[in-house]
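S.K.: This is run-v4.csv (CSV, C-alpha atoms).
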```csv
chain,number,residue,atom,x,y,z
A,452,MET,CA,18.6,-48.4,-48.4
A,453,TRP,CA,21.9,-46.6,-47.6
A,454,PRO,CA,24.4,-48.9,-49.5
A,455,ASN,CA,27.4,-46.7,-49.0
A,456,MET,CA,27.2,-46.5,-45.2
A,457,SER,CA,29.4,-48.6,-43.0
A,458,ALA,CA,26.9,-48.4,-40.1
A,459,THR,CA,23.1,-48.2,-39.9
A,460,TYR,CA,22.8,-45.6,-37.2
A,461,PHE,CA,24.3,-42.5,-35.6
A,462,LEU,CA,24.8,-42.0,-31.8
A,463,LEU,CA,23.4,-38.9,-30.2
A,464,THR,CA,25.1,-37.2,-27.3
A,465,GLY,CA,23.6,-35.6,-24.2
A,466,PHE,CA,25.9,-33.8,-21.8
A,467,PRO,CA,29.2,-35.5,-21.8
A,468,GLY,CA,30.5,-36.3,-18.2
A,469,LEU,CA,27.1,-35.6,-16.8
A,470,GLU,CA,25.3,-38.8,-17.9
A,471,ALA,CA,24.5,-39.7,-14.3
A,472,ALA,CA,22.6,-36.4,-13.9
A,473,HIS,CA,20.6,-36.6,-17.1
A,474,HIS,CA,17.4,-37.3,-15.3
A,475,TRP,CA,17.9,-34.2,-13.2
A,476,ILE,CA,18.9,-32.2,-16.3
A,477,SER,CA,15.7,-33.4,-18.0
A,478,ILE,CA,13.5,-31.5,-15.4
A,479,PRO,CA,14.3,-28.0,-16.6
A,480,PHE,CA,14.2,-29.2,-20.2
A,481,CYS,CA,10.7,-30.6,-19.6
A,482,ALA,CA,9.6,-27.3,-18.1
A,483,VAL,CA,11.0,-25.3,-21.0
A,484,TYR,CA,9.4,-27.7,-23.6
A,485,PHE,CA,6.1,-27.6,-21.8
A,486,SER,CA,6.2,-23.8,-21.6
A,487,VAL,CA,7.0,-23.5,-25.3
A,488,LEU,CA,4.2,-25.8,-26.3
A,489,LEU,CA,1.7,-24.1,-24.0
A,490,GLY,CA,2.7,-20.5,-24.9
A,491,ASN,CA,2.8,-21.0,-28.7
A,492,SER,CA,-0.4,-23.2,-28.8
A,493,THR,CA,-2.2,-20.5,-26.7
A,494,LEU,CA,-1.2,-17.8,-29.2
A,495,LEU,CA,-2.4,-19.9,-32.1
A,496,TYR,CA,-5.7,-20.6,-30.4
A,497,LEU,CA,-6.2,-16.9,-29.4
A,498,ILE,CA,-5.5,-15.7,-33.0
A,499,LYS,CA,-7.9,-18.3,-34.4
A,500,ASP,CA,-10.7,-17.8,-31.9
A,501,ASP,CA,-10.6,-14.0,-31.3
A,502,HIS,CA,-12.0,-12.1,-34.3
A,503,THR,CA,-10.4,-8.9,-33.0
A,504,LEU,CA,-7.0,-10.5,-33.7
A,505,HIS,CA,-7.8,-11.3,-37.4
A,506,GLU,CA,-5.4,-8.7,-38.7
A,507,PRO,CA,-2.1,-9.0,-40.7
A,508,MET,CA,0.1,-8.4,-37.6
A,509,TYR,CA,-1.4,-11.3,-35.8
A,510,TYR,CA,-1.5,-13.6,-38.8
A,511,PHE,CA,2.3,-13.1,-39.0
A,512,LEU,CA,2.5,-13.8,-35.3
A,513,ALA,CA,0.6,-17.0,-35.9
A,514,MET,CA,3.2,-18.0,-38.5
A,515,LEU,CA,6.0,-17.3,-35.9
A,516,ALA,CA,4.2,-19.3,-33.2
A,517,GLY,CA,3.6,-22.2,-35.6
A,518,THR,CA,7.3,-22.2,-36.7
A,519,ASP,CA,8.4,-22.2,-33.0
A,520,LEU,CA,6.1,-25.1,-32.3
A,521,MET,CA,7.5,-27.1,-35.2
A,522,VAL,CA,11.1,-26.4,-34.1
A,523,THR,CA,10.3,-27.6,-30.6
A,524,LEU,CA,8.5,-30.8,-31.8
A,525,THR,CA,11.4,-31.5,-34.1
A,526,THR,CA,14.1,-31.6,-31.4
A,527,MET,CA,12.0,-32.7,-28.4
A,528,PRO,CA,11.7,-36.5,-29.1
A,529,THR,CA,15.5,-37.1,-29.4
A,530,VAL,CA,16.5,-34.7,-26.7
A,531,MET,CA,14.1,-36.2,-24.2
A,532,GLY,CA,14.9,-39.7,-25.4
A,533,VAL,CA,18.6,-39.2,-24.6
A,534,LEU,CA,17.9,-37.5,-21.2
A,535,TRP,CA,15.2,-39.8,-20.0
A,536,MET,CA,16.1,-43.2,-21.4
A,537,ASN,CA,19.6,-42.8,-22.6
A,538,TYR,CA,18.4,-43.8,-26.1
A,539,ARG,CA,21.1,-42.5,-28.3
A,540,LYS,CA,20.6,-44.3,-31.6
A,541,ILE,CA,19.1,-42.5,-34.6
A,542,TYR,CA,18.8,-44.0,-38.0
A,543,PRO,CA,20.3,-42.1,-41.0
A,544,GLY,CA,16.9,-41.3,-42.6
A,545,ALA,CA,15.5,-39.9,-39.4
A,546,CYS,CA,18.7,-38.0,-38.6
A,547,PHE,CA,18.8,-36.3,-42.1
A,548,MET,CA,15.1,-35.4,-41.9
A,549,GLN,CA,15.5,-33.9,-38.4
A,550,ALA,CA,18.5,-31.9,-39.7
A,551,TYR,CA,16.4,-30.8,-42.7
A,552,PHE,CA,13.5,-29.5,-40.5
A,553,ILE,CA,15.8,-27.9,-38.0
A,554,HIS,CA,17.7,-25.8,-40.6
A,555,SER,CA,14.6,-25.1,-42.8
A,556,LEU,CA,12.6,-23.8,-39.8
A,557,SER,CA,15.5,-21.6,-38.8
A,558,VAL,CA,15.4,-19.9,-42.2
A,559,VAL,CA,11.6,-19.8,-42.0
A,560,GLU,CA,11.7,-18.0,-38.7
A,561,SER,CA,14.1,-15.4,-40.1
A,562,GLY,CA,11.7,-14.9,-43.1
A,563,VAL,CA,8.7,-14.5,-40.8
A,564,LEU,CA,10.5,-11.9,-38.7
A,565,LEU,CA,11.3,-10.1,-42.0
A,566,ALA,CA,7.6,-10.3,-43.1
A,567,MET,CA,6.6,-8.9,-39.7
A,568,ALA,CA,9.1,-6.0,-40.2
A,569,TYR,CA,7.4,-5.3,-43.5
A,570,ASP,CA,4.0,-5.3,-41.8
A,571,ARG,CA,5.2,-2.7,-39.2
A,572,PHE,CA,6.8,-0.7,-42.0
A,573,ILE,CA,3.5,-0.4,-43.9
A,574,ALA,CA,1.5,0.2,-40.8
A,575,ILE,CA,3.6,3.2,-39.8
A,576,ARG,CA,4.8,4.6,-43.1
A,577,ASN,CA,1.5,4.2,-45.0
A,578,PRO,CA,-1.3,3.6,-42.4
A,579,LEU,CA,-4.1,4.7,-44.8
A,580,ARG,CA,-3.0,2.0,-47.3
A,581,TYR,CA,-2.3,-0.7,-44.7
A,582,THR,CA,-5.4,-2.9,-45.3
A,583,SER,CA,-5.2,-2.4,-49.1
A,584,VAL,CA,-1.5,-3.4,-49.3
A,585,LEU,CA,-1.7,-6.3,-46.8
A,586,THR,CA,-4.7,-8.1,-48.2
A,587,ASN,CA,-5.4,-11.7,-47.4
A,588,THR,CA,-4.2,-12.8,-50.8
A,589,ARG,CA,-0.9,-10.9,-50.3
A,590,LEU,CA,-0.5,-12.3,-46.8
A,591,LEU,CA,-1.0,-15.9,-48.2
A,592,LYS,CA,1.6,-15.3,-50.9
A,593,LEU,CA,4.1,-13.8,-48.3
A,594,GLY,CA,3.6,-16.8,-46.0
A,595,LEU,CA,3.9,-19.3,-48.8
A,596,GLY,CA,7.0,-17.6,-50.1
A,597,VAL,CA,8.6,-17.6,-46.6
A,598,PHE,CA,8.0,-21.3,-46.1
A,599,LEU,CA,9.0,-22.3,-49.6
A,600,ARG,CA,12.2,-20.4,-49.3
A,601,GLY,CA,13.0,-22.2,-46.1
A,602,PHE,CA,12.1,-25.7,-47.1
A,603,LEU,CA,13.4,-25.7,-50.7
A,604,SER,CA,16.7,-23.9,-50.1
A,605,ILE,CA,18.0,-26.5,-47.6
A,606,LEU,CA,17.2,-29.5,-49.8
A,607,PRO,CA,20.4,-29.6,-51.9
A,608,VAL,CA,22.7,-30.2,-48.9
A,609,ILE,CA,20.4,-32.6,-47.2
A,610,VAL,CA,19.8,-34.7,-50.3
A,611,ARG,CA,23.6,-35.1,-50.7
A,612,LEU,CA,23.9,-36.5,-47.1
A,613,PHE,CA,22.0,-39.6,-48.3
A,614,SER,CA,24.7,-40.4,-50.9
A,615,PHE,CA,27.7,-40.1,-48.6
A,616,SER,CA,29.6,-43.0,-47.0
A,617,TYR,CA,30.0,-42.6,-43.3
A,618,CYS,CA,33.1,-44.5,-42.3
A,619,ARG,CA,34.4,-42.2,-39.5
A,620,SER,CA,33.0,-42.0,-35.9
A,621,HIS,CA,29.2,-42.1,-35.9
A,622,THR,CA,28.9,-40.1,-32.7
A,623,LEU,CA,27.3,-36.7,-33.0
A,624,ASN,CA,27.9,-33.9,-30.5
A,625,HIS,CA,24.3,-33.1,-29.7
A,626,ALA,CA,21.0,-34.8,-28.8
A,627,PHE,CA,19.7,-33.9,-32.3
A,628,CYS,CA,21.1,-33.9,-35.8
A,629,LEU,CA,22.7,-30.9,-37.5
A,630,HIS,CA,23.9,-30.8,-41.1
A,631,GLN,CA,27.3,-29.4,-40.2
A,632,GLU,CA,28.0,-32.3,-37.8
A,633,VAL,CA,26.7,-35.1,-40.0
A,634,MET,CA,28.7,-34.0,-43.0
A,635,LYS,CA,32.0,-34.1,-41.1
A,636,LEU,CA,31.5,-37.8,-40.5
A,637,ALA,CA,31.4,-38.5,-44.2
A,638,CYS,CA,34.2,-40.1,-46.1
A,639,ALA,CA,33.5,-38.1,-49.2
A,640,ASP,CA,34.1,-34.8,-50.9
A,641,ILE,CA,32.0,-32.4,-48.9
A,642,THR,CA,33.1,-29.2,-50.5
A,643,PHE,CA,29.6,-28.3,-51.8
A,644,ASN,CA,28.2,-29.0,-48.3
A,645,ARG,CA,30.7,-26.7,-46.8
A,646,ILE,CA,30.4,-23.8,-49.2
A,647,TYR,CA,26.7,-23.8,-50.0
A,648,PRO,CA,25.5,-23.1,-46.4
A,649,VAL,CA,27.9,-20.2,-46.0
A,650,ILE,CA,26.7,-18.5,-49.2
A,651,PHE,CA,23.1,-19.4,-48.4
A,652,VAL,CA,23.1,-18.0,-44.9
A,653,SER,CA,24.8,-14.8,-46.2
A,654,LEU,CA,22.0,-14.4,-48.8
A,655,THR,CA,19.1,-15.2,-46.4
A,656,VAL,CA,19.5,-14.8,-42.6
A,657,PHE,CA,22.2,-12.1,-42.8
A,658,LEU,CA,20.4,-10.2,-45.6
A,659,ASP,CA,17.1,-10.5,-43.7
A,660,SER,CA,18.7,-8.9,-40.6
A,661,LEU,CA,20.1,-6.0,-42.7
A,662,ILE,CA,16.7,-5.4,-44.3
A,663,ILE,CA,15.0,-5.5,-40.9
A,664,LEU,CA,17.5,-3.0,-39.6
A,665,PHE,CA,17.0,-0.7,-42.6
A,666,SER,CA,13.2,-0.9,-42.3
A,667,TYR,CA,13.4,0.2,-38.7
A,668,ILE,CA,15.7,3.1,-39.6
A,669,LEU,CA,12.9,4.3,-42.0
A,670,ILE,CA,10.2,3.6,-39.4
A,671,LEU,CA,12.2,5.6,-36.8
A,672,LYS,CA,12.5,8.5,-39.3
A,673,THR,CA,8.8,8.5,-39.8
A,674,VAL,CA,8.0,8.3,-36.1
A,675,MET,CA,10.3,11.2,-35.4
A,676,GLY,CA,8.3,13.3,-37.9
A,677,ILE,CA,5.1,12.8,-35.9
A,678,ALA,CA,4.3,16.0,-34.0
A,679,SER,CA,2.6,14.6,-31.0
A,680,ALA,CA,4.8,12.9,-28.4
A,681,GLU,CA,1.9,10.6,-27.4
A,682,GLU,CA,1.4,9.5,-31.0
A,683,ARG,CA,5.1,8.8,-31.4
A,684,ALA,CA,5.1,6.7,-28.3
A,685,LYS,CA,2.0,4.8,-29.5
A,686,ALA,CA,3.6,4.1,-32.9
A,687,LEU,CA,6.8,2.9,-31.4
A,688,ASN,CA,4.9,0.7,-28.9
A,689,THR,CA,3.3,-1.2,-31.8
A,690,CYS,CA,6.9,-2.2,-32.8
A,691,MET,CA,8.4,-3.1,-29.5
A,692,SER,CA,7.2,-6.8,-29.4
A,693,HIS,CA,8.6,-7.4,-32.8
A,694,ILE,CA,11.9,-5.6,-32.0
A,695,CYS,CA,12.3,-7.8,-28.9
A,696,CYS,CA,11.7,-11.0,-30.9
A,697,VAL,CA,14.2,-9.9,-33.5
A,698,LEU,CA,16.8,-9.2,-30.9
A,699,VAL,CA,16.2,-12.6,-29.2
A,700,PHE,CA,16.5,-14.5,-32.5
A,701,TYR,CA,19.5,-12.7,-34.0
A,702,VAL,CA,21.5,-12.3,-30.7
A,703,THR,CA,21.3,-16.1,-30.2
A,704,VAL,CA,22.3,-16.7,-33.8
A,705,ILE,CA,25.2,-14.4,-33.5
A,706,GLY,CA,26.2,-15.8,-30.1
A,707,LEU,CA,26.1,-19.4,-31.4
A,708,SER,CA,28.1,-18.4,-34.5
A,709,PHE,CA,30.8,-16.6,-32.5
A,710,ILE,CA,31.1,-19.6,-30.1
A,711,HIS,CA,31.6,-22.0,-33.0
A,712,ARG,CA,33.9,-19.7,-34.9
A,713,PHE,CA,36.1,-18.3,-32.2
A,714,GLY,CA,35.4,-20.5,-29.2
A,715,LYS,CA,37.9,-23.3,-29.8
A,716,LYS,CA,39.3,-22.9,-26.3
A,717,VAL,CA,35.8,-22.6,-24.8
A,718,PRO,CA,34.7,-25.9,-22.9
A,719,HIS,CA,32.7,-28.2,-25.1
A,720,LEU,CA,29.8,-28.0,-22.6
A,721,VAL,CA,29.4,-24.3,-23.4
A,722,HIS,CA,29.0,-25.1,-27.1
A,723,ILE,CA,26.3,-27.6,-26.3
A,724,ILE,CA,24.5,-25.2,-23.9
A,725,MET,CA,24.6,-22.4,-26.6
A,726,SER,CA,23.0,-24.8,-29.1
A,727,TYR,CA,20.1,-25.5,-26.8
A,728,VAL,CA,19.7,-21.8,-26.1
A,729,TYR,CA,19.5,-21.1,-29.8
A,730,PHE,CA,16.8,-23.7,-30.4
A,731,LEU,CA,14.8,-23.2,-27.2
A,732,PHE,CA,15.2,-19.5,-26.1
A,733,PRO,CA,13.4,-17.8,-29.0
A,734,PRO,CA,10.4,-20.2,-29.0
A,735,LEU,CA,10.2,-19.8,-25.2
A,736,MET,CA,10.4,-16.0,-25.2
A,737,ASN,CA,8.3,-15.0,-28.2
A,738,PRO,CA,4.9,-15.8,-26.5
A,739,VAL,CA,6.1,-14.2,-23.3
A,740,ILE,CA,7.1,-11.0,-25.1
A,741,TYR,CA,3.8,-10.7,-27.0
A,742,SER,CA,1.8,-11.5,-23.9
A,743,ILE,CA,3.6,-8.7,-21.9
A,744,LYS,CA,3.8,-6.1,-24.7
A,745,THR,CA,0.6,-6.5,-26.6
A,746,LYS,CA,-2.7,-5.4,-25.0
A,747,GLN,CA,-4.9,-7.3,-27.5
A,748,ILE,CA,-3.1,-10.6,-26.6
A,749,GLN,CA,-3.4,-9.8,-22.9
A,750,SER,CA,-7.2,-9.2,-23.3
A,751,GLY,CA,-7.5,-12.5,-25.3
A,752,ILE,CA,-5.7,-14.4,-22.5
A,753,ARG,CA,-8.0,-12.9,-19.9
A,754,ARG,CA,-11.1,-13.8,-21.9
A,755,LEU,CA,-9.7,-17.4,-22.3
A,756,LEU,CA,-9.1,-17.7,-18.6
A,757,SER,CA,-12.6,-16.4,-17.8
A,758,LYS,CA,-14.1,-19.0,-20.1
A,759,GLN,CA,-12.1,-21.7,-18.4
A,760,ARG,CA,-13.1,-20.4,-15.0
A,761,PHE,CA,-16.8,-20.2,-15.6
A,762,GLY,CA,-16.9,-23.2,-17.9
A,763,SER,CA,-18.3,-21.3,-20.9
```
Can the structure from this file be put into structure tokens for me?
M.R.:
Amino acid sequence: MWPNMSATYFLLTGFPGLEAAHHWISIPFCAVYFSVLLGNSTLLYLIKDDHTLHEPMYYFLAMLAGTDLMVTLTTMPTVMGVLWMNYRKIYPGACFMQAYFIHSLSVVESGVLLAMAYDRFIAIRNPLRYTSVLTNTRLLKLGLGVFLRGFLSILPVIVRLFSFSYCRSHTLNHAFCLHQEVMKLACADITFNRIYPVIFVSLTVFLDSLIILFSYILILKTVMGIASAEERAKALNTCMSHICCVLVFYVTVIGLSFIHRFGKKVPHLVHIIMSYVYFLFPPLMNPVIYSIKTKQIQSGIRRLLSKQRFGS
């Protein structure tokens, strides 16, 4: 199936030098994965079950929770396989598909955060037109566009991985597959695979962050024009959860980028830890942020707990 390859599998890496402690390291990872699955699944259930949450803001939140769940489910099998059973082998097809989903879902998450910024922009700048602008049809188109952008744009570099010959070391630096690591193992011209991601990230994730920043400058300008201090606080409060999620996502992106770009003298273990922070911290924190900052979500959680307690 892969005629150009000199080996039929890659080797994943856990925490080099700490292999004897992998079982202990797996405990916090289990706790984080369980929390991510529980938190985001709860959000999805609440938004589906509670009719008071059937609003554009919460539909976008459902997209964010669904994306976080998919990211977690994509990385969890190989990470836990390495930590629990020291199972390091991954076949090329599975490796490339994992890399595809990891990178696609990162772009999707950025797009969902941008769509959520658009939602807050319309809600505060044009509150009277909010429901007429963000109709169910438009929400569906926005969501579809966000997912198509993420999943189609990554295809060119992933498809090329299948045609490369891998005659160098087959050991990867993480317990999951990343495009930038796999391509370096290829004995082929990888110029396209080096240049395309740089251009693409600049036109998507970087541009998304700039648009989000600009939208909040306009939102802040609008809020400052509101006469009542109480109304200003109320308007800003509706944005706080989204702002926190944006900061969590983009700060981890920037942190990881700086470590890879300028951290050549930083211990390799720090690089590994930062990559796990990037993939696990936003999915862990997003449900927590919305649970703390959003009264409707808090009310939904209380109702859900009451149902469980009284068995109805």
S.K.: List the neighbours of segment 471-479 of chain A out to 9 Å using all atoms listed in the file; skip same-chain residues closer than 2 positions along the sequence, and give me the result as a PyMOL selection string.
M.R.: chain A and resi 465-466+468-469+481-484+530-531+533-537
S.K.: May I have the residues from that selection written out with C-alpha atoms, as a compact mmCIF listing (two decimals), keeping the file's coordinate frame?
M.R.:
```
# COMPACT_ATOMS: atom_id res chain seq x y z
CA GLY A 465 23.60 -35.60 -24.20
CA PHE A 466 25.90 -33.80 -21.80
CA GLY A 468 30.50 -36.30 -18.20
CA LEU A 469 27.10 -35.60 -16.80
CA CYS A 481 10.70 -30.60 -19.60
CA ALA A 482 9.60 -27.30 -18.10
CA VAL A 483 11.00 -25.30 -21.00
CA TYR A 484 9.40 -27.70 -23.60
CA VAL A 530 16.50 -34.70 -26.70
CA MET A 531 14.10 -36.20 -24.20
CA VAL A 533 18.60 -39.20 -24.60
CA LEU A 534 17.90 -37.50 -21.20
CA TRP A 535 15.20 -39.80 -20.00
CA MET A 536 16.10 -43.20 -21.40
CA ASN A 537 19.60 -42.80 -22.60
```
S.K.: Atom CA of Ser492 of chain A and atom CA of Ile541 of chain A are how many Å apart?
M.R.: 28.0 Å
S.K.: List as a PyMOL selection string the protein and nucleic acid residues near segment 545-553 of chain A, meaning an atom at most 6 Å away when only C-alpha atoms are counted, but skip any in the same chain fewer than 2 places from it.
M.R.: chain A and resi 542-543+555-556+628-630
S.K.: Counting only C-alpha atoms, which residue out of A:Glu470, A:Thr503, A:Asn688, A:Gly490 sits closest to Leu671 of chain A?
M.R.: A:Asn688
S.K.: Pick the closest to Val656 of chain A from A:Ala680, A:Met736, A:Val674, A:Val559: which is it, counting only C-alpha atoms?
M.R.: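 Among A:Ala680, A:Met736, A:Val674, A:Val559, it is A:Val559 that comes nearest to Val656 of chain A.
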S.K.: So, with all atoms listed in the file as the atoms that count, which of A:Lys715, A:His693, A:Lys685, A:His722 lies closest to Ser742 of chain A?
M.R.: A:His693
S.K.: Restricting the calculation to all atoms listed in the file, which member of A:His625, A:Lys592, A:His554, A:Arg611 is positioned closest to Leu463 of chain A?
M.R.: A:His625
S.K.: Separation of atom CA of Gln749 of chain A and atom CA of Val522 of chain A, in Å?
M.R.: 24.7 Å
S.K.: Between atom CA of Leu599 of chain A and atom CA of Thr586 of chain A, what is the distance, to one decimal in Å?
M.R.: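 According to the coordinates, atom CA of Leu599 of chain A and atom CA of Thr586 of chain A are separated by 19.8 Å.
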S.K.: Excluding Phe730 of chain A and residues on its chain fewer than 5 positions from it, collect all residues at most 9 Å away from it, counting all atoms listed in the file, and give them as a list in words.
M.R.: Asp519, Val522, Thr523, Thr526, Ile553, Ser557, Thr703 and Met725 of chain A
S.K.: Do a neighbour search on Leu669 of chain A at 12 Å with only C-alpha atoms, toss out local chain neighbours closer than 3 positions, and write the hits as a PDB file with C-alpha atoms, in the frame of the given file.
M.R.:
```
ATOM      1  CA  ALA A 568       9.100  -6.000 -40.200  1.00  0.00           C
ATOM      2  CA  TYR A 569       7.400  -5.300 -43.500  1.00  0.00           C
ATOM      3  CA  ARG A 571       5.200  -2.700 -39.200  1.00  0.00           C
ATOM      4  CA  PHE A 572       6.800  -0.700 -42.000  1.00  0.00           C
ATOM      5  CA  ILE A 573       3.500  -0.400 -43.900  1.00  0.00           C
ATOM      6  CA  ILE A 575       3.600   3.200 -39.800  1.00  0.00           C
ATOM      7  CA  ARG A 576       4.800   4.600 -43.100  1.00  0.00           C
ATOM      8  CA  ASN A 577       1.500   4.200 -45.000  1.00  0.00           C
ATOM      9  CA  ILE A 662      16.700  -5.400 -44.300  1.00  0.00           C
ATOM     10  CA  ILE A 663      15.000  -5.500 -40.900  1.00  0.00           C
ATOM     11  CA  LEU A 664      17.500  -3.000 -39.600  1.00  0.00           C
ATOM     12  CA  PHE A 665      17.000  -0.700 -42.600  1.00  0.00           C
ATOM     13  CA  SER A 666      13.200  -0.900 -42.300  1.00  0.00           C
ATOM     14  CA  LYS A 672      12.500   8.500 -39.300  1.00  0.00           C
ATOM     15  CA  THR A 673       8.800   8.500 -39.800  1.00  0.00           C
ATOM     16  CA  VAL A 674       8.000   8.300 -36.100  1.00  0.00           C
ATOM     17  CA  MET A 675      10.300  11.200 -35.400  1.00  0.00           C
ATOM     18  CA  GLY A 676       8.300  13.300 -37.900  1.00  0.00           C
TER      19      GLY A 676
END
```
S.K.: Choose the residue, out of A:Met691, A:Val702, A:Leu520, A:Ala626, that has the smallest atom-to-atom separation from Ile743 of chain A; count all atoms listed in the file.
M.R.: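 Looking at the shortest contact to Ile743 of chain A, the residue is A:Met691.
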S.K.: Smallest atom-to-atom distance to Leu623 of chain A: which of A:Val584, A:Gly517, A:Lys635, A:Asn644, using all atoms listed in the file?
M.R.: A:Lys635
S.K.: Reconstruct segment 563-579 of chain A at the level of N, CA, C and O atoms, and format the result as a PDB file, in the coordinates of the input.
M.R.:
```
ATOM      1  N   VAL A 563       9.916 -15.040 -41.436  1.00  0.00           N
ATOM      2  CA  VAL A 563       8.700 -14.500 -40.800  1.00  0.00           C
ATOM      3  C   VAL A 563       9.000 -13.228 -40.057  1.00  0.00           C
ATOM      4  O   VAL A 563       8.189 -12.282 -40.119  1.00  0.00           O
ATOM      5  N   LEU A 564      10.146 -13.139 -39.403  1.00  0.00           N
ATOM      6  CA  LEU A 564      10.500 -11.900 -38.700  1.00  0.00           C
ATOM      7  C   LEU A 564      10.688 -10.757 -39.750  1.00  0.00           C
ATOM      8  O   LEU A 564      10.336  -9.602 -39.476  1.00  0.00           O
ATOM      9  N   LEU A 565      11.196 -11.088 -40.930  1.00  0.00           N
ATOM     10  CA  LEU A 565      11.300 -10.100 -42.000  1.00  0.00           C
ATOM     11  C   LEU A 565       9.926  -9.648 -42.469  1.00  0.00           C
ATOM     12  O   LEU A 565       9.680  -8.446 -42.662  1.00  0.00           O
ATOM     13  N   ALA A 566       9.010 -10.606 -42.650  1.00  0.00           N
ATOM     14  CA  ALA A 566       7.600 -10.300 -43.100  1.00  0.00           C
ATOM     15  C   ALA A 566       6.951  -9.411 -42.006  1.00  0.00           C
ATOM     16  O   ALA A 566       6.194  -8.489 -42.341  1.00  0.00           O
ATOM     17  N   MET A 567       7.212  -9.685 -40.733  1.00  0.00           N
ATOM     18  CA  MET A 567       6.600  -8.900 -39.700  1.00  0.00           C
ATOM     19  C   MET A 567       7.196  -7.458 -39.669  1.00  0.00           C
ATOM     20  O   MET A 567       6.481  -6.488 -39.349  1.00  0.00           O
ATOM     21  N   ALA A 568       8.469  -7.312 -40.044  1.00  0.00           N
ATOM     22  CA  ALA A 568       9.100  -6.000 -40.200  1.00  0.00           C
ATOM     23  C   ALA A 568       8.388  -5.220 -41.313  1.00  0.00           C
ATOM     24  O   ALA A 568       8.123  -4.008 -41.201  1.00  0.00           O
ATOM     25  N   TYR A 569       8.099  -5.923 -42.398  1.00  0.00           N
ATOM     26  CA  TYR A 569       7.400  -5.300 -43.500  1.00  0.00           C
ATOM     27  C   TYR A 569       5.993  -4.854 -43.095  1.00  0.00           C
ATOM     28  O   TYR A 569       5.545  -3.756 -43.459  1.00  0.00           O
ATOM     29  N   ASP A 570       5.328  -5.669 -42.294  1.00  0.00           N
ATOM     30  CA  ASP A 570       4.000  -5.300 -41.800  1.00  0.00           C
ATOM     31  C   ASP A 570       4.074  -4.033 -40.951  1.00  0.00           C
ATOM     32  O   ASP A 570       3.257  -3.119 -41.127  1.00  0.00           O
ATOM     33  N   ARG A 571       5.053  -3.933 -40.038  1.00  0.00           N
ATOM     34  CA  ARG A 571       5.200  -2.700 -39.200  1.00  0.00           C
ATOM     35  C   ARG A 571       5.576  -1.511 -40.071  1.00  0.00           C
ATOM     36  O   ARG A 571       5.153  -0.380 -39.789  1.00  0.00           O
ATOM     37  N   PHE A 572       6.387  -1.746 -41.084  1.00  0.00           N
ATOM     38  CA  PHE A 572       6.800  -0.700 -42.000  1.00  0.00           C
ATOM     39  C   PHE A 572       5.599  -0.055 -42.699  1.00  0.00           C
ATOM     40  O   PHE A 572       5.434   1.170 -42.729  1.00  0.00           O
ATOM     41  N   ILE A 573       4.727  -0.909 -43.250  1.00  0.00           N
ATOM     42  CA  ILE A 573       3.500  -0.400 -43.900  1.00  0.00           C
ATOM     43  C   ILE A 573       2.583   0.253 -42.966  1.00  0.00           C
ATOM     44  O   ILE A 573       2.009   1.305 -43.261  1.00  0.00           O
ATOM     45  N   ALA A 574       2.416  -0.342 -41.779  1.00  0.00           N
ATOM     46  CA  ALA A 574       1.500   0.200 -40.800  1.00  0.00           C
ATOM     47  C   ALA A 574       1.840   1.605 -40.348  1.00  0.00           C
ATOM     48  O   ALA A 574       0.957   2.428 -40.078  1.00  0.00           O
ATOM     49  N   ILE A 575       3.137   1.905 -40.281  1.00  0.00           N
ATOM     50  CA  ILE A 575       3.600   3.200 -39.800  1.00  0.00           C
ATOM     51  C   ILE A 575       3.863   4.197 -40.915  1.00  0.00           C
ATOM     52  O   ILE A 575       3.522   5.377 -40.824  1.00  0.00           O
ATOM     53  N   ARG A 576       4.456   3.711 -42.000  1.00  0.00           N
ATOM     54  CA  ARG A 576       4.800   4.600 -43.100  1.00  0.00           C
ATOM     55  C   ARG A 576       3.556   4.957 -43.960  1.00  0.00           C
ATOM     56  O   ARG A 576       3.432   6.067 -44.454  1.00  0.00           O
ATOM     57  N   ASN A 577       2.657   3.978 -44.151  1.00  0.00           N
ATOM     58  CA  ASN A 577       1.500   4.200 -45.000  1.00  0.00           C
ATOM     59  C   ASN A 577       0.223   3.634 -44.282  1.00  0.00           C
ATOM     60  O   ASN A 577      -0.401   2.689 -44.772  1.00  0.00           O
ATOM     61  N   PRO A 578      -0.148   4.195 -43.132  1.00  0.00           N
ATOM     62  CA  PRO A 578      -1.300   3.600 -42.400  1.00  0.00           C
ATOM     63  C   PRO A 578      -2.597   3.621 -43.129  1.00  0.00           C
ATOM     64  O   PRO A 578      -3.417   2.719 -42.939  1.00  0.00           O
ATOM     65  N   LEU A 579      -2.821   4.607 -44.016  1.00  0.00           N
ATOM     66  CA  LEU A 579      -4.100   4.700 -44.800  1.00  0.00           C
ATOM     67  C   LEU A 579      -4.178   3.579 -45.820  1.00  0.00           C
ATOM     68  O   LEU A 579      -5.282   3.218 -46.239  1.00  0.00           O
TER      69      LEU A 579
END
```
